[in-house]
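Working notes, beginning with the structure itself.
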Amino acid sequence: MNVNKKQPVLIRFMISIIIASIDKDQLADLKENIAATIGVEYEIISFDNADGKRGLCEIYNEGAKCANYELLCYMHEDISIKTKDWGIIVADIFNEDQKIGLIGIAGSSYKTKVPSGWFCSTGERKINYINILQRYKFNEAKTKHISENLKNEKYSSVVVVDGVWFCTKKKIVEAHNFDEETFKKFHCYDLDFSLQVHQTHRAVVTFQVLLEHFSEGNYSKTWIEETLKLHEKWAADLPIDLERLSTKEIFFAEKHTFKFFLTQMKIAGYKKIEIFKIFWRSRLKNNLSLFLMLNKEIWRS
């Protein structure tokens with residue numbers, strides 16, 4: 001008896017690229033860069049957001065609806081991609097493992113319970129994965145190649161990816177829309193989307209694609225407010241650990257990540273009493289040992 005086994009559906013090499021633009025000159029440069037490097041059929045769907053009136057979640061959802069192709073690539077415009085035929089690399093990764101739903105160039109395999117960005121530290125254990133040429137806004141001559149690939153893999157599993165550049169599938173965005181009701185500005189769209197995708201698919205960081213990013217992150221008061229909303233939304237699911245960290249490593253990660261977040265709150269002008277009130281109202285108080293650590297760090301700050 002012949003049995004017809006269902007074959008995986010291979011994704012054709014076509015990519016819809018979605019960009020929220022605030023600088024027409026940077027966008028023009030990026031379009032030239034994409035044309036010279038992507039190596040596959042593509043379309044660019046760009047939105048002029050120079051006035052900053054629309055949040056990235058809203059724009060990214062609209063971009064997915066306009067896309068003609070199954071593969072979607074979201075990227076900032078202040079980048080330059082250095083890898084030739086990166087579109088083929090992306091399609092190959094998705095075809096290699098049908099459970100992969102998100103590809104980035106920076107991310108972490110541990111997402112803390114305390115408020116944080118994508119990056120955190122356990123001390124000696126490496127849990128962050130990244131491959132990027134980082135330029136610094138206030139030192140244009142300085143470009144640093146940041147590469148963390150301890151396992152020497154083509155791509156590594158992560159919980160969340162950074163939003164500077166990431167690829168997904170149109171059907172995934174249709175199932176897990178960017179949360180434009182909660183995140184109306186320019187932060188946490190990437191982490192929230194990653195956590196949504198993590199519920200049904202794998203997220204990975206690829207080391208086969210290299211790009212240069214022309215500016216570093218911005219830890220403003222808006223970033224703090226959006227990050228607090230993100231962690232309140234996902235409080236019941238965090239932390240998420242793909243590395244099976246020890247209790248000691250987890251405590252180190254939570255403590256040192258919180259110390260960084262606390263420093264940014266102080267820089268943004270939060271008073272100590274305001275910080276106490278924020279965390280006393282949060283669901284972090286349901287974890288007694290963690291909550292006591294937070295209060296101790298706030299008191300010391």
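Naming works like this for the structure tokens: A, B, ... for the chains as they're shown, residue 1 at the start of each chain, ligands 1 onward in shown order.
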
* Nearby residues (only C-alpha atoms) at most 6 Å from segment 163-176 of chain A, same-chain spacing under 5 positions excluded, as a list in words -> Glu70, Leu71, Leu72, Cys73, Tyr74, Met75, His76, Gly101, Leu102, Ile103, Gly104 and Asp190 of chain A

Write a file of the just-selected residues containing all heavy atoms, as a tab-separated table (two decimals), in the first residue's frame.
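Dumped everything to result.tsv:
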```tsv
chain	number	residue	atom	x	y	z
A	70	GLU	N	4.56	36.00	1.60
A	70	GLU	CA	4.39	35.28	2.86
A	70	GLU	C	5.46	35.63	3.89
A	70	GLU	O	5.19	35.69	5.08
A	70	GLU	CB	4.40	33.76	2.61
A	70	GLU	CG	4.45	32.88	3.86
A	70	GLU	CD	3.30	33.09	4.83
A	70	GLU	OE1	2.28	33.71	4.45
A	70	GLU	OE2	3.42	32.64	5.98
A	71	LEU	N	6.68	35.88	3.43
A	71	LEU	CA	7.73	36.26	4.36
A	71	LEU	C	7.71	37.77	4.57
A	71	LEU	O	7.64	38.55	3.61
A	71	LEU	CB	9.11	35.85	3.83
A	71	LEU	CG	9.47	34.37	3.87
A	71	LEU	CD1	10.93	34.18	3.52
A	71	LEU	CD2	9.17	33.74	5.21
A	72	LEU	N	7.80	38.18	5.85
A	72	LEU	CA	7.82	39.60	6.20
A	72	LEU	C	9.13	39.90	6.91
A	72	LEU	O	9.59	39.12	7.74
A	72	LEU	CB	6.66	39.95	7.13
A	72	LEU	CG	5.24	39.57	6.70
A	72	LEU	CD1	4.24	40.04	7.75
A	72	LEU	CD2	4.90	40.15	5.34
A	73	CYS	N	9.71	41.04	6.59
A	73	CYS	CA	10.91	41.51	7.28
A	73	CYS	C	10.67	42.93	7.76
A	73	CYS	O	10.41	43.83	6.97
A	73	CYS	CB	12.13	41.45	6.38
A	73	CYS	SG	13.67	41.75	7.27
A	74	TYR	N	10.73	43.11	9.07
A	74	TYR	CA	10.58	44.43	9.69
A	74	TYR	C	11.98	44.94	10.03
A	74	TYR	O	12.78	44.22	10.64
A	74	TYR	CB	9.74	44.35	10.96
A	74	TYR	CG	8.30	43.94	10.73
A	74	TYR	CD1	7.90	42.60	10.79
A	74	TYR	CD2	7.32	44.89	10.47
A	74	TYR	CE1	6.58	42.22	10.60
A	74	TYR	CE2	6.00	44.54	10.27
A	74	TYR	CZ	5.63	43.20	10.33
A	74	TYR	OH	4.32	42.84	10.13
A	75	MET	N	12.25	46.19	9.68
A	75	MET	CA	13.57	46.72	10.00
A	75	MET	C	13.53	48.22	10.23
A	75	MET	O	12.67	48.93	9.71
A	75	MET	CB	14.57	46.39	8.89
A	75	MET	CG	14.26	46.98	7.53
A	75	MET	SD	15.49	46.51	6.26
A	75	MET	CE	15.09	44.79	5.97
A	76	HIS	N	14.46	48.69	11.06
A	76	HIS	CA	14.68	50.12	11.22
A	76	HIS	C	15.38	50.63	9.97
A	76	HIS	O	16.02	49.86	9.24
A	76	HIS	CB	15.54	50.39	12.45
A	76	HIS	CG	14.87	50.05	13.74
A	76	HIS	ND1	15.43	50.30	14.97
A	76	HIS	CD2	13.67	49.46	14.00
A	76	HIS	CE1	14.63	49.90	15.94
A	76	HIS	NE2	13.55	49.38	15.37
A	101	GLY	N	9.22	30.64	13.79
A	101	GLY	CA	8.27	31.67	13.39
A	101	GLY	C	8.83	33.07	13.46
A	101	GLY	O	8.16	34.03	13.06
A	102	LEU	N	10.06	33.20	13.96
A	102	LEU	CA	10.63	34.53	14.16
A	102	LEU	C	12.15	34.42	14.10
A	102	LEU	O	12.74	33.58	14.77
A	102	LEU	CB	10.18	35.09	15.51
A	102	LEU	CG	10.62	36.50	15.91
A	102	LEU	CD1	10.10	37.54	14.92
A	102	LEU	CD2	10.12	36.83	17.32
A	103	ILE	N	12.77	35.29	13.30
A	103	ILE	CA	14.23	35.32	13.16
A	103	ILE	C	14.71	36.74	13.44
A	103	ILE	O	14.22	37.70	12.84
A	103	ILE	CB	14.67	34.91	11.74
A	103	ILE	CG1	14.16	33.52	11.39
A	103	ILE	CG2	16.19	34.97	11.61
A	103	ILE	CD1	14.36	33.16	9.91
A	104	GLY	N	15.69	36.87	14.33
A	104	GLY	CA	16.28	38.18	14.61
A	104	GLY	C	17.79	38.11	14.53
A	104	GLY	O	18.37	37.06	14.22
A	190	ASP	N	8.49	44.79	19.82
A	190	ASP	CA	9.28	43.62	19.46
A	190	ASP	C	9.22	42.53	20.53
A	190	ASP	O	9.03	41.35	20.23
A	190	ASP	CB	10.74	44.02	19.19
A	190	ASP	CG	11.32	44.95	20.25
A	190	ASP	OD1	10.62	45.32	21.21
A	190	ASP	OD2	12.51	45.32	20.11
```

* To do: Excluding Thr227 of chain A and any residue of its chain fewer than 4 positions from it, enumerate the residues within 7 Å of it, using only C-alpha atoms, and give them as a list of chain:residue names.
  =>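 What passes the distance filter is A:Pro115, A:Ser116, A:Cys188, A:Trp223, A:His231.
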
Put those residues in a file: N, CA and C atoms, as a compact mmCIF listing (two decimals), in the first residue's frame.
```txt
# COMPACT_ATOMS: atom_id res chain seq x y z
N PRO A 115 11.14 44.06 35.15
CA PRO A 115 11.13 44.84 33.90
C PRO A 115 12.52 44.93 33.27
N SER A 116 12.56 44.71 31.95
CA SER A 116 13.84 44.75 31.24
C SER A 116 13.60 44.82 29.75
N CYS A 188 8.81 48.21 22.91
CA CYS A 188 8.22 46.95 23.39
C CYS A 188 7.36 46.21 22.37
N TRP A 223 10.26 54.64 27.30
CA TRP A 223 10.70 53.23 27.30
C TRP A 223 10.37 52.58 28.64
N HIS A 231 5.55 44.13 31.15
CA HIS A 231 5.72 43.14 32.23
C HIS A 231 4.45 42.95 33.04
```

* **Closest of A:Glu249, A:Asp48, A:Asp192, A:Glu58 to Leu228 of chain A - atom-to-atom distances counting only C-alpha atoms** =>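 For Leu228 of chain A, the nearest of the given residues is A:Asp192.
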
* To do: Using only C-alpha atoms, determine which residues lie at most 12 Å from Thr206 of chain A, disregarding the query and same-chain residues fewer than 6 positions distant; provide the list as a PyMOL selection string.
  => chain A and resi 83+86+89-94+100+102-107+129-132+147-149+152-158+161+165-167

* Asked: Among segment 33-269 of chain A, which ones does DSSP place in helix (DSSP H, G or I), written as an MDAnalysis selection string?
  -> chainID A and resid 33:37 56:66 86:96 170:175 189:198 221:233 247:267

* Skip Cys57 of chain A itself and residues of its chain fewer than 4 positions away, then list as a PyMOL selection string all residues within 10 Å of it, counting only C-alpha atoms. => chain A and resi 61-63+177-190+192-193

Saved selection, atoms kept: N, CA, C and O atoms, as a short mmCIF file (atom, residue, chain, number, x, y, z; two decimals), in the first residue's frame:
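Okay, out-v4.cif is ready:
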```cif
data_model
loop_
_atom_site.label_atom_id
_atom_site.label_comp_id
_atom_site.auth_asym_id
_atom_site.auth_seq_id
_atom_site.Cartn_x
_atom_site.Cartn_y
_atom_site.Cartn_z
N ASN A 61 1.20 46.34 11.81
CA ASN A 61 0.00 45.57 11.47
C ASN A 61 -0.51 45.95 10.08
O ASN A 61 -0.89 45.09 9.28
N GLU A 62 -0.51 47.25 9.80
CA GLU A 62 -0.97 47.71 8.49
C GLU A 62 -0.05 47.21 7.39
O GLU A 62 -0.49 46.80 6.32
N GLY A 63 1.25 47.20 7.67
CA GLY A 63 2.21 46.71 6.70
C GLY A 63 1.98 45.25 6.35
O GLY A 63 2.05 44.86 5.17
N ASN A 177 -1.31 39.54 16.14
CA ASN A 177 -1.13 40.95 15.78
C ASN A 177 -0.25 41.69 16.77
O ASN A 177 -0.26 41.40 17.97
N PHE A 178 0.49 42.65 16.27
CA PHE A 178 1.19 43.58 17.15
C PHE A 178 0.13 44.30 18.00
O PHE A 178 -0.89 44.76 17.47
N ASP A 179 0.38 44.40 19.28
CA ASP A 179 -0.63 44.88 20.23
C ASP A 179 -0.67 46.41 20.22
O ASP A 179 -0.10 47.07 21.09
N GLU A 180 -1.40 46.97 19.26
CA GLU A 180 -1.46 48.42 19.13
C GLU A 180 -2.38 49.07 20.16
O GLU A 180 -2.36 50.30 20.32
N GLU A 181 -3.19 48.28 20.85
CA GLU A 181 -4.03 48.83 21.92
C GLU A 181 -3.21 49.14 23.17
O GLU A 181 -3.47 50.11 23.88
N THR A 182 -2.22 48.31 23.44
CA THR A 182 -1.38 48.49 24.64
C THR A 182 -0.17 49.35 24.36
O THR A 182 0.17 50.23 25.15
N PHE A 183 0.48 49.12 23.22
CA PHE A 183 1.74 49.79 22.92
C PHE A 183 1.54 50.75 21.74
O PHE A 183 1.55 50.34 20.58
N LYS A 184 1.33 52.00 22.07
CA LYS A 184 0.96 53.00 21.07
C LYS A 184 2.15 53.85 20.61
O LYS A 184 1.98 54.77 19.83
N LYS A 185 3.34 53.51 21.11
CA LYS A 185 4.50 54.34 20.78
C LYS A 185 5.56 53.51 20.06
O LYS A 185 5.24 52.80 19.13
N PHE A 186 6.81 53.58 20.50
CA PHE A 186 7.91 53.03 19.71
C PHE A 186 8.75 52.01 20.47
O PHE A 186 9.87 51.70 20.06
N HIS A 187 8.22 51.49 21.57
CA HIS A 187 8.97 50.55 22.38
C HIS A 187 8.13 49.31 22.68
O HIS A 187 6.89 49.37 22.70
N CYS A 188 8.81 48.21 22.91
CA CYS A 188 8.22 46.95 23.39
C CYS A 188 7.36 46.21 22.37
O CYS A 188 6.89 45.11 22.65
N TYR A 189 7.16 46.79 21.20
CA TYR A 189 6.44 46.08 20.14
C TYR A 189 7.15 44.77 19.80
O TYR A 189 6.50 43.76 19.53
N ASP A 190 8.49 44.79 19.82
CA ASP A 190 9.28 43.62 19.46
C ASP A 190 9.22 42.53 20.53
O ASP A 190 9.03 41.35 20.23
N ASP A 192 6.91 42.17 22.96
CA ASP A 192 5.55 41.66 23.07
C ASP A 192 5.23 40.70 21.93
O ASP A 192 4.65 39.63 22.15
N PHE A 193 5.62 41.06 20.71
CA PHE A 193 5.40 40.17 19.58
C PHE A 193 6.18 38.87 19.75
O PHE A 193 5.66 37.78 19.47
#
```

* **Expected answer as a ChimeraX atom specification: strand (DSSP E) residues in segment 118-186 of chain A** => /A:128-136,139-148,155-158,160-161,165-169

* Asked: If we count only C-alpha atoms, what is near Leu211 of chain A at a cut-off of 7 Å, once residues fewer than 3 positions away on the same chain are taken out, given as a ChimeraX atom specification?
  -> /A:79-82,132-133

Store the residues of this selection in a file with C-alpha atoms, as a CSV table (one decimal), in the first residue's frame.
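Saved result, part15.csv, follows:
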```csv
chain,number,residue,atom,x,y,z
A,79,ILE,CA,20.9,50.2,9.3
A,80,SER,CA,23.1,48.8,6.5
A,81,ILE,CA,23.0,45.1,5.7
A,82,LYS,CA,26.4,43.6,4.9
A,132,ILE,CA,25.7,43.1,14.8
A,133,LEU,CA,28.1,46.0,13.9
```

* Asked: Counting only C-alpha atoms, which of A:Ser121, A:Thr200, A:Ser21, A:Asn68 gets nearest to Gly55 of chain A?
  ->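 Under the stated criterion, the closest residue is A:Ser21.
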
* Quick one: everything within 8 Å of His256 of chain A, counting only C-alpha atoms, minus sequence neighbours fewer than 3 positions away in the same chain. Send it as a list in words. =>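 The residues satisfying every condition are Cys120, Ser121, Phe252, Ala253, Lys259 and Phe260 of chain A.
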
Selection file, N, CA, C and O atoms, as a compact mmCIF listing (two decimals), in the first residue's frame:
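Printed below is again.txt as written:
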```
# COMPACT_ATOMS: atom_id res chain seq x y z
N CYS A 120 19.87 40.56 29.16
CA CYS A 120 20.11 40.42 30.60
C CYS A 120 21.35 39.57 30.81
O CYS A 120 21.89 38.99 29.87
N SER A 121 21.81 39.49 32.05
CA SER A 121 23.05 38.79 32.36
C SER A 121 22.87 37.85 33.54
O SER A 121 22.17 38.16 34.50
N PHE A 252 20.64 36.01 40.08
CA PHE A 252 21.62 36.98 39.59
C PHE A 252 21.04 37.76 38.42
O PHE A 252 21.16 39.00 38.37
N ALA A 253 20.41 37.05 37.47
CA ALA A 253 19.84 37.71 36.30
C ALA A 253 18.76 38.70 36.69
O ALA A 253 18.73 39.83 36.19
N LYS A 259 18.63 46.18 38.65
CA LYS A 259 19.51 47.29 39.00
C LYS A 259 19.71 48.22 37.80
O LYS A 259 19.72 49.44 37.95
N PHE A 260 19.84 47.63 36.62
CA PHE A 260 19.96 48.45 35.40
C PHE A 260 18.68 49.24 35.17
O PHE A 260 18.72 50.44 34.88
```

* Just the residues within 12 Å of Leu242 of chain A, please, counting only C-alpha atoms, with nothing from its chain fewer than 6 positions along; format it as a ChimeraX atom specification. => /A:108-112,126-128,156-160,198,202-204,250

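Candidate residues A:Gln26, A:Asn95, A:Thr263, A:Thr122 were compared for distance to Leu245 of chain A, and the nearest is A:Thr122, using only C-alpha atoms.
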
* Structure fact -> Using only C-alpha atoms, the best pick from A:Lys99, A:Lys24, A:His145, A:Lys248 as closest to Glu77 of chain A would be A:Lys24

* Provide the atom CA of Ile22 of chain A to atom CA of Asn49 of chain A distance in Å, to one decimal place. =>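 Value for the atom CA of Ile22 of chain A-atom CA of Asn49 of chain A distance: 5.3 Å.
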
* Point-to-point distance from atom CA of Thr257 of chain A to atom CA of Phe214 of chain A, Å rounded to tenths ->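 Here the two named atoms are 24.9 Å from each other.
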
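Of note, atom CA of Asp78 of chain A and atom CA of Asp29 of chain A are spaced 9.1 Å apart.
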
* Counting only C-alpha atoms, figure out which residue out of A:Lys272, A:Ile59, A:Arg135, A:Ile278 gets nearest to Arg300 of chain A. =>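 Closest candidate: A:Lys272.
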
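Across A:Lys221, A:Arg244, A:Arg283, A:His201, the tightest approach to Asp97 of chain A is made by A:His201 when counting only C-alpha atoms.
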